[in-house]
Amino acid sequence: LAIAQQKGEALYRKTDFEQENGLPKSLGEGNERLIYLRGGLSIRMFEGTLWQSVRINQQHSSDFPLISKFYLSGSSRIQTKGAKTIAADYTEISGCHYLYHLPDVTEIEDWPANELYRIVIISAQLDYFRSFFGSEISLSSPLRRVLDGDKTQRFHQTLGQITPQMGQALQQILQSPYQGIMRRMYLESKVLELLTLQFAHWAQK
């Protein structure tokens, strides 16, 4: 990153609630957009291709959020060693979507080179849902425990293929026609739509 900045590469752009980060040319071609919404809700959108494989080591904190992830294209291998209730080694693949909560976990992500990545990731702090839920029997058990405040509950749920309805909402996020407050309102409504579809899909599995 430092070398790229010295070469005058434009890697960073920010507004009041949105920022865009470009990949260093030595690493690949593409960009990541991060949009901050209300109450600890955010969207990350990554599109690009890596010239070389990348490994990312992350230590998740105890206040890890609920993560919703949609792979429009691309894939990644993930290892979560030492987490008894989570598979130690799995792959997230193109065309599928996932929902997970993994506090206090060391996660290793391997991103292959020469794949086109188009990924949308929704991050939601658990407190965001407090005004929505009471005693919810319609939710899957692990999700209900997390939303009821059990921050130690861990899960990584594969939810299958992205449905046409989800695909439409994702495209509307990627191509939002609004600016300012209307953009934030519109994007929050689409995020809630996607989470609702995921929650309902998991409850029916």
# chains A, B, ... in the order shown; residues from 1 in each chain; ligands from 1
>>> select_by_dssp(residues="range 5-202 of chain A", states="alpha helix (DSSP H)", output="number ranges by chain")
A: 5-6, 141-147, 164-174, 180-202
>>> closest_atom_pairs(of="range 87-141 of chain A", to="range 33-41 of chain A", cutoff="7 Å", atoms="only C-alpha atoms", output="tab-separated table")
residue	atom	partner	partner_atom	distance
A:Ser123	CA	A:Leu41	CA	5.8
A:Ala124	CA	A:Leu41	CA	4.6
A:Gln125	CA	A:Gly40	CA	5.2
A:Tyr128	CA	A:Gly39	CA	5.5
>>> write_last_selection(atoms="N, CA, C and O atoms", output="PDB file, in the first residue's frame")
ATOM      1  N   SER A 123     -22.639  -6.477   7.207  1.00  0.00           N
ATOM      2  CA  SER A 123     -22.222  -6.629   8.597  1.00  0.00           C
ATOM      3  C   SER A 123     -23.242  -5.936   9.490  1.00  0.00           C
ATOM      4  O   SER A 123     -23.584  -4.768   9.257  1.00  0.00           O
ATOM      5  N   ALA A 124     -23.745  -6.669  10.486  1.00  0.00           N
ATOM      6  CA  ALA A 124     -24.786  -6.114  11.363  1.00  0.00           C
ATOM      7  C   ALA A 124     -24.416  -6.356  12.822  1.00  0.00           C
ATOM      8  O   ALA A 124     -24.310  -7.507  13.252  1.00  0.00           O
ATOM      9  N   GLN A 125     -24.219  -5.281  13.584  1.00  0.00           N
ATOM     10  CA  GLN A 125     -24.033  -5.422  15.019  1.00  0.00           C
ATOM     11  C   GLN A 125     -25.313  -5.983  15.628  1.00  0.00           C
ATOM     12  O   GLN A 125     -26.427  -5.630  15.213  1.00  0.00           O
ATOM     13  N   TYR A 128     -28.420  -3.966  16.593  1.00  0.00           N
ATOM     14  CA  TYR A 128     -29.297  -3.426  15.546  1.00  0.00           C
ATOM     15  C   TYR A 128     -30.666  -4.110  15.570  1.00  0.00           C
ATOM     16  O   TYR A 128     -31.694  -3.484  15.273  1.00  0.00           O
TER      17      TYR A 128
END
>>> closest_residue(among="A:Ser68, A:Leu174, A:His156, A:Leu126", to="Asp89 in chain A", atoms="only C-alpha atoms")
A:His156
>>> residues_around(residues="Gln171 in chain A", least_positions_apart="3", cutoff="12 Å", atoms="only C-alpha atoms", output="ChimeraX atom specification")
/A:45,70,72,118-120,164-168,174-177,187,190-191,194
>>> write_last_selection(atoms="C-alpha atoms", output="short mmCIF file (atom, residue, chain, number, x, y, z; two decimals), in the first residue's frame")
data_model
loop_
_atom_site.label_atom_id
_atom_site.label_comp_id
_atom_site.auth_asym_id
_atom_site.auth_seq_id
_atom_site.Cartn_x
_atom_site.Cartn_y
_atom_site.Cartn_z
CA MET A 45 -18.71 -4.56 -1.97
CA PHE A 70 -23.10 -13.19 -1.20
CA LEU A 72 -21.81 -13.25 -7.21
CA ARG A 118 -17.82 -9.87 -7.08
CA ILE A 119 -18.85 -10.15 -3.43
CA VAL A 120 -21.36 -8.29 -1.24
CA PRO A 164 -33.55 -14.56 -8.22
CA GLN A 165 -35.17 -12.32 -5.59
CA MET A 166 -31.84 -11.99 -3.77
CA GLY A 167 -30.04 -11.36 -7.04
CA GLN A 168 -32.39 -8.50 -7.84
CA LEU A 174 -24.73 -2.26 -6.63
CA GLN A 175 -26.58 0.16 -8.92
CA SER A 176 -28.34 2.41 -6.41
CA PRO A 177 -29.58 5.52 -8.28
CA LEU A 187 -29.59 0.73 0.83
CA LYS A 190 -32.33 -3.56 0.55
CA VAL A 191 -30.07 -4.89 3.30
CA LEU A 194 -31.71 -9.63 1.98
#
>>> closest_residue(among="A:Ser131, A:Gln198, A:Asn114, A:Gln161", to="Leu143 in chain A", atoms="only C-alpha atoms")
A:Gln198
>>> atom_distance(atom1="CA of Phe129 in chain A", atom2="CA of Lys69 in chain A")
17.9 Å
>>> closest_residue(among="A:Arg184, A:Arg144, A:His97, A:Lys151", to="Leu170 in chain A", atoms="only C-alpha atoms")
A:His97
>>> closest_residue(among="A:Gly22, A:Pro112, A:Pro65, A:Gly95", to="Ser42 in chain A", atoms="only C-alpha atoms")
A:Pro65
>>> residues_around(residues="Ile108 in chain A", least_positions_apart="5", cutoff="9 Å", atoms="only C-alpha atoms", output="ChimeraX atom specification")
/A:55-59,77-81
>>> write_last_selection(atoms="C-alpha atoms", output="PDB file, in the first residue's frame")
ATOM      1  CA  ARG A  55      -3.804 -15.254   2.574  1.00  0.00           C
ATOM      2  CA  ILE A  56      -5.496 -13.223   5.315  1.00  0.00           C
ATOM      3  CA  ASN A  57      -5.210 -14.090   9.014  1.00  0.00           C
ATOM      4  CA  GLN A  58      -7.886 -12.613  11.265  1.00  0.00           C
ATOM      5  CA  GLN A  59      -8.527 -12.877  14.986  1.00  0.00           C
ATOM      6  CA  ARG A  77     -11.083 -21.238   1.206  1.00  0.00           C
ATOM      7  CA  ILE A  78     -11.486 -20.660   4.936  1.00  0.00           C
ATOM      8  CA  GLN A  79      -9.932 -22.392   7.925  1.00  0.00           C
ATOM      9  CA  THR A  80     -11.269 -21.907  11.455  1.00  0.00           C
ATOM     10  CA  LYS A  81      -8.995 -24.000  13.608  1.00  0.00           C
TER      11      LYS A  81
END
>>> atom_distance(atom1="CA of Leu139 in chain A", atom2="CA of Gly74 in chain A")
29.4 Å
>>> residues_around(residues="Gln52 in chain A", least_positions_apart="2", cutoff="8 Å", atoms="only C-alpha atoms", output="VMD selection string")
chain A and resid 27 to 28 50 54 112 to 114
>>> write_last_selection(atoms="C-alpha atoms", output="PDB file, in the first residue's frame")
ATOM      1  CA  LEU A  27      -1.676  -7.059  -5.989  1.00  0.00           C
ATOM      2  CA  GLY A  28      -4.469  -6.905  -8.531  1.00  0.00           C
ATOM      3  CA  LEU A  50      -5.948 -10.725  -7.873  1.00  0.00           C
ATOM      4  CA  VAL A  54      -3.624 -13.806  -0.948  1.00  0.00           C
ATOM      5  CA  PRO A 112      -6.934 -17.617  -5.306  1.00  0.00           C
ATOM      6  CA  ALA A 113      -5.365 -15.580  -8.106  1.00  0.00           C
ATOM      7  CA  ASN A 114      -6.933 -14.998 -11.520  1.00  0.00           C
TER       8      ASN A 114
END
>>> select_by_dssp(residues="range 2-203 of chain A", states="strand (DSSP E)", output="PyMOL selection string")
chain A and resi 12-14+18-22+28-36+41-50+54-59+66-73+76-79+89-92+96-101+106-111+116-124+155-161
>>> atom_distance(atom1="CA of Leu99 in chain A", atom2="CA of Gly48 in chain A")
22.6 Å
>>> residues_around(residues="Ile86 in chain A", least_positions_apart="3", cutoff="12 Å", atoms="only C-alpha atoms", output="ChimeraX atom specification")
/A:78-83,89-90,100-103,105-107,153-158
>>> write_last_selection(atoms="N, CA, C and O atoms", output="compact mmCIF listing (two decimals), in the first residue's frame")
# COMPACT_ATOMS: atom_id res chain seq x y z
N ILE A 78 -11.54 -21.21 3.59
CA ILE A 78 -11.49 -20.66 4.94
C ILE A 78 -11.19 -21.76 5.93
O ILE A 78 -11.77 -22.84 5.88
N GLN A 79 -10.26 -21.47 6.85
CA GLN A 79 -9.93 -22.39 7.93
C GLN A 79 -10.22 -21.71 9.26
O GLN A 79 -9.82 -20.57 9.47
N THR A 80 -10.94 -22.43 10.13
CA THR A 80 -11.27 -21.91 11.45
C THR A 80 -10.83 -22.95 12.48
O THR A 80 -11.65 -23.68 13.02
N LYS A 81 -9.55 -22.99 12.72
CA LYS A 81 -9.00 -24.00 13.61
C LYS A 81 -9.36 -23.71 15.06
O LYS A 81 -9.32 -22.58 15.52
N GLY A 82 -9.73 -24.77 15.77
CA GLY A 82 -9.99 -24.63 17.20
C GLY A 82 -11.42 -24.27 17.56
O GLY A 82 -11.75 -24.19 18.73
N ALA A 83 -12.28 -24.04 16.55
CA ALA A 83 -13.68 -23.74 16.83
C ALA A 83 -14.48 -25.04 16.73
O ALA A 83 -14.75 -25.53 15.65
N ASP A 89 -12.26 -26.52 7.91
CA ASP A 89 -11.78 -26.17 6.57
C ASP A 89 -12.96 -26.26 5.61
O ASP A 89 -13.57 -27.32 5.46
N TYR A 90 -13.31 -25.15 4.98
CA TYR A 90 -14.42 -25.16 4.04
C TYR A 90 -14.19 -24.10 2.97
O TYR A 90 -13.31 -23.25 3.08
N TYR A 100 -23.19 -16.00 9.02
CA TYR A 100 -22.36 -16.55 10.09
C TYR A 100 -22.11 -15.55 11.22
O TYR A 100 -22.20 -14.33 11.05
N HIS A 101 -21.80 -16.15 12.36
CA HIS A 101 -21.42 -15.40 13.57
C HIS A 101 -20.29 -16.19 14.22
O HIS A 101 -20.51 -17.30 14.71
N LEU A 102 -19.09 -15.64 14.21
CA LEU A 102 -17.90 -16.38 14.64
C LEU A 102 -17.04 -15.54 15.60
O LEU A 102 -15.93 -15.13 15.27
N PRO A 103 -17.55 -15.28 16.81
CA PRO A 103 -16.74 -14.54 17.79
C PRO A 103 -15.59 -15.39 18.32
O PRO A 103 -15.69 -16.62 18.39
N VAL A 105 -12.69 -16.36 17.25
CA VAL A 105 -12.20 -17.39 16.35
C VAL A 105 -11.02 -16.83 15.54
O VAL A 105 -11.06 -15.68 15.11
N THR A 106 -10.00 -17.65 15.35
CA THR A 106 -8.92 -17.30 14.42
C THR A 106 -9.27 -17.87 13.06
O THR A 106 -9.47 -19.07 12.91
N GLU A 107 -9.38 -16.99 12.08
CA GLU A 107 -9.82 -17.39 10.75
C GLU A 107 -8.72 -17.11 9.73
O GLU A 107 -8.12 -16.04 9.72
N GLN A 153 -22.50 -17.78 20.97
CA GLN A 153 -23.04 -18.72 19.98
C GLN A 153 -22.31 -18.55 18.65
O GLN A 153 -22.21 -17.45 18.11
N ARG A 154 -21.79 -19.66 18.11
CA ARG A 154 -21.08 -19.61 16.83
C ARG A 154 -21.80 -20.46 15.79
O ARG A 154 -22.29 -21.54 16.10
N PHE A 155 -21.83 -19.96 14.58
CA PHE A 155 -22.33 -20.77 13.46
C PHE A 155 -21.79 -20.21 12.15
O PHE A 155 -21.44 -19.03 12.05
N HIS A 156 -21.68 -21.09 11.18
CA HIS A 156 -21.42 -20.70 9.80
C HIS A 156 -22.39 -21.49 8.95
O HIS A 156 -22.24 -22.70 8.78
N GLN A 157 -23.43 -20.82 8.45
CA GLN A 157 -24.51 -21.52 7.77
C GLN A 157 -24.44 -21.28 6.26
O GLN A 157 -24.52 -20.15 5.78
N THR A 158 -24.28 -22.37 5.52
CA THR A 158 -24.36 -22.31 4.06
C THR A 158 -25.84 -22.37 3.67
O THR A 158 -26.56 -23.29 4.08
>>> decode(residues="range 51-120 of chain A", atoms="C-alpha atoms", output="PDB file, in the first residue's frame")
ATOM      1  CA  TRP A  51      -2.659 -11.223  -9.720  1.00  0.00           C
ATOM      2  CA  GLN A  52      -1.387 -13.421  -6.923  1.00  0.00           C
ATOM      3  CA  SER A  53      -2.982 -15.586  -4.245  1.00  0.00           C
ATOM      4  CA  VAL A  54      -3.624 -13.806  -0.948  1.00  0.00           C
ATOM      5  CA  ARG A  55      -3.804 -15.254   2.574  1.00  0.00           C
ATOM      6  CA  ILE A  56      -5.496 -13.223   5.315  1.00  0.00           C
ATOM      7  CA  ASN A  57      -5.210 -14.090   9.014  1.00  0.00           C
ATOM      8  CA  GLN A  58      -7.886 -12.613  11.265  1.00  0.00           C
ATOM      9  CA  GLN A  59      -8.527 -12.877  14.986  1.00  0.00           C
ATOM     10  CA  HIS A  60     -12.215 -12.208  15.566  1.00  0.00           C
ATOM     11  CA  SER A  61     -13.198 -10.281  18.674  1.00  0.00           C
ATOM     12  CA  SER A  62     -15.834 -11.267  21.230  1.00  0.00           C
ATOM     13  CA  ASP A  63     -18.232  -8.621  19.815  1.00  0.00           C
ATOM     14  CA  PHE A  64     -18.048 -10.008  16.268  1.00  0.00           C
ATOM     15  CA  PRO A  65     -21.133  -8.977  14.221  1.00  0.00           C
ATOM     16  CA  LEU A  66     -23.582 -11.072  12.259  1.00  0.00           C
ATOM     17  CA  ILE A  67     -22.210 -11.436   8.712  1.00  0.00           C
ATOM     18  CA  SER A  68     -24.235 -12.032   5.551  1.00  0.00           C
ATOM     19  CA  LYS A  69     -22.148 -12.817   2.458  1.00  0.00           C
ATOM     20  CA  PHE A  70     -23.104 -13.191  -1.203  1.00  0.00           C
ATOM     21  CA  TYR A  71     -20.654 -14.496  -3.820  1.00  0.00           C
ATOM     22  CA  LEU A  72     -21.806 -13.249  -7.211  1.00  0.00           C
ATOM     23  CA  SER A  73     -18.520 -14.647  -8.549  1.00  0.00           C
ATOM     24  CA  GLY A  74     -15.261 -15.951  -7.106  1.00  0.00           C
ATOM     25  CA  SER A  75     -14.499 -18.286  -4.223  1.00  0.00           C
ATOM     26  CA  SER A  76     -12.340 -18.505  -1.119  1.00  0.00           C
ATOM     27  CA  ARG A  77     -11.083 -21.238   1.206  1.00  0.00           C
ATOM     28  CA  ILE A  78     -11.486 -20.660   4.936  1.00  0.00           C
ATOM     29  CA  GLN A  79      -9.932 -22.392   7.925  1.00  0.00           C
ATOM     30  CA  THR A  80     -11.269 -21.907  11.455  1.00  0.00           C
ATOM     31  CA  LYS A  81      -8.995 -24.000  13.608  1.00  0.00           C
ATOM     32  CA  GLY A  82      -9.990 -24.634  17.201  1.00  0.00           C
ATOM     33  CA  ALA A  83     -13.685 -23.741  16.834  1.00  0.00           C
ATOM     34  CA  LYS A  84     -15.425 -26.968  17.890  1.00  0.00           C
ATOM     35  CA  THR A  85     -18.839 -26.244  16.397  1.00  0.00           C
ATOM     36  CA  ILE A  86     -17.497 -24.966  13.042  1.00  0.00           C
ATOM     37  CA  ALA A  87     -15.916 -26.962  10.213  1.00  0.00           C
ATOM     38  CA  ALA A  88     -12.146 -26.580  10.347  1.00  0.00           C
ATOM     39  CA  ASP A  89     -11.779 -26.175   6.574  1.00  0.00           C
ATOM     40  CA  TYR A  90     -14.418 -25.162   4.038  1.00  0.00           C
ATOM     41  CA  THR A  91     -14.871 -23.227   0.784  1.00  0.00           C
ATOM     42  CA  GLU A  92     -17.303 -20.422  -0.008  1.00  0.00           C
ATOM     43  CA  ILE A  93     -18.192 -20.568  -3.698  1.00  0.00           C
ATOM     44  CA  SER A  94     -19.601 -18.526  -6.567  1.00  0.00           C
ATOM     45  CA  GLY A  95     -23.374 -18.199  -6.756  1.00  0.00           C
ATOM     46  CA  CYS A  96     -23.972 -19.059  -3.083  1.00  0.00           C
ATOM     47  CA  HIS A  97     -24.766 -17.102   0.068  1.00  0.00           C
ATOM     48  CA  TYR A  98     -23.818 -17.542   3.708  1.00  0.00           C
ATOM     49  CA  LEU A  99     -24.746 -16.305   7.166  1.00  0.00           C
ATOM     50  CA  TYR A 100     -22.362 -16.548  10.093  1.00  0.00           C
ATOM     51  CA  HIS A 101     -21.419 -15.404  13.569  1.00  0.00           C
ATOM     52  CA  LEU A 102     -17.895 -16.376  14.642  1.00  0.00           C
ATOM     53  CA  PRO A 103     -16.740 -14.536  17.787  1.00  0.00           C
ATOM     54  CA  ASP A 104     -13.362 -15.369  19.347  1.00  0.00           C
ATOM     55  CA  VAL A 105     -12.197 -17.389  16.350  1.00  0.00           C
ATOM     56  CA  THR A 106      -8.924 -17.299  14.422  1.00  0.00           C
ATOM     57  CA  GLU A 107      -9.823 -17.390  10.746  1.00  0.00           C
ATOM     58  CA  ILE A 108      -7.484 -17.930   7.786  1.00  0.00           C
ATOM     59  CA  GLU A 109      -8.806 -16.948   4.356  1.00  0.00           C
ATOM     60  CA  ASP A 110      -7.119 -18.009   1.102  1.00  0.00           C
ATOM     61  CA  TRP A 111      -8.093 -16.033  -2.001  1.00  0.00           C
ATOM     62  CA  PRO A 112      -6.934 -17.617  -5.306  1.00  0.00           C
ATOM     63  CA  ALA A 113      -5.365 -15.580  -8.106  1.00  0.00           C
ATOM     64  CA  ASN A 114      -6.933 -14.998 -11.520  1.00  0.00           C
ATOM     65  CA  GLU A 115     -10.566 -15.224 -10.433  1.00  0.00           C
ATOM     66  CA  LEU A 116     -13.056 -12.413 -10.952  1.00  0.00           C
ATOM     67  CA  TYR A 117     -14.450 -11.544  -7.531  1.00  0.00           C
ATOM     68  CA  ARG A 118     -17.824  -9.868  -7.078  1.00  0.00           C
ATOM     69  CA  ILE A 119     -18.848 -10.149  -3.428  1.00  0.00           C
ATOM     70  CA  VAL A 120     -21.361  -8.291  -1.239  1.00  0.00           C
TER      71      VAL A 120
END
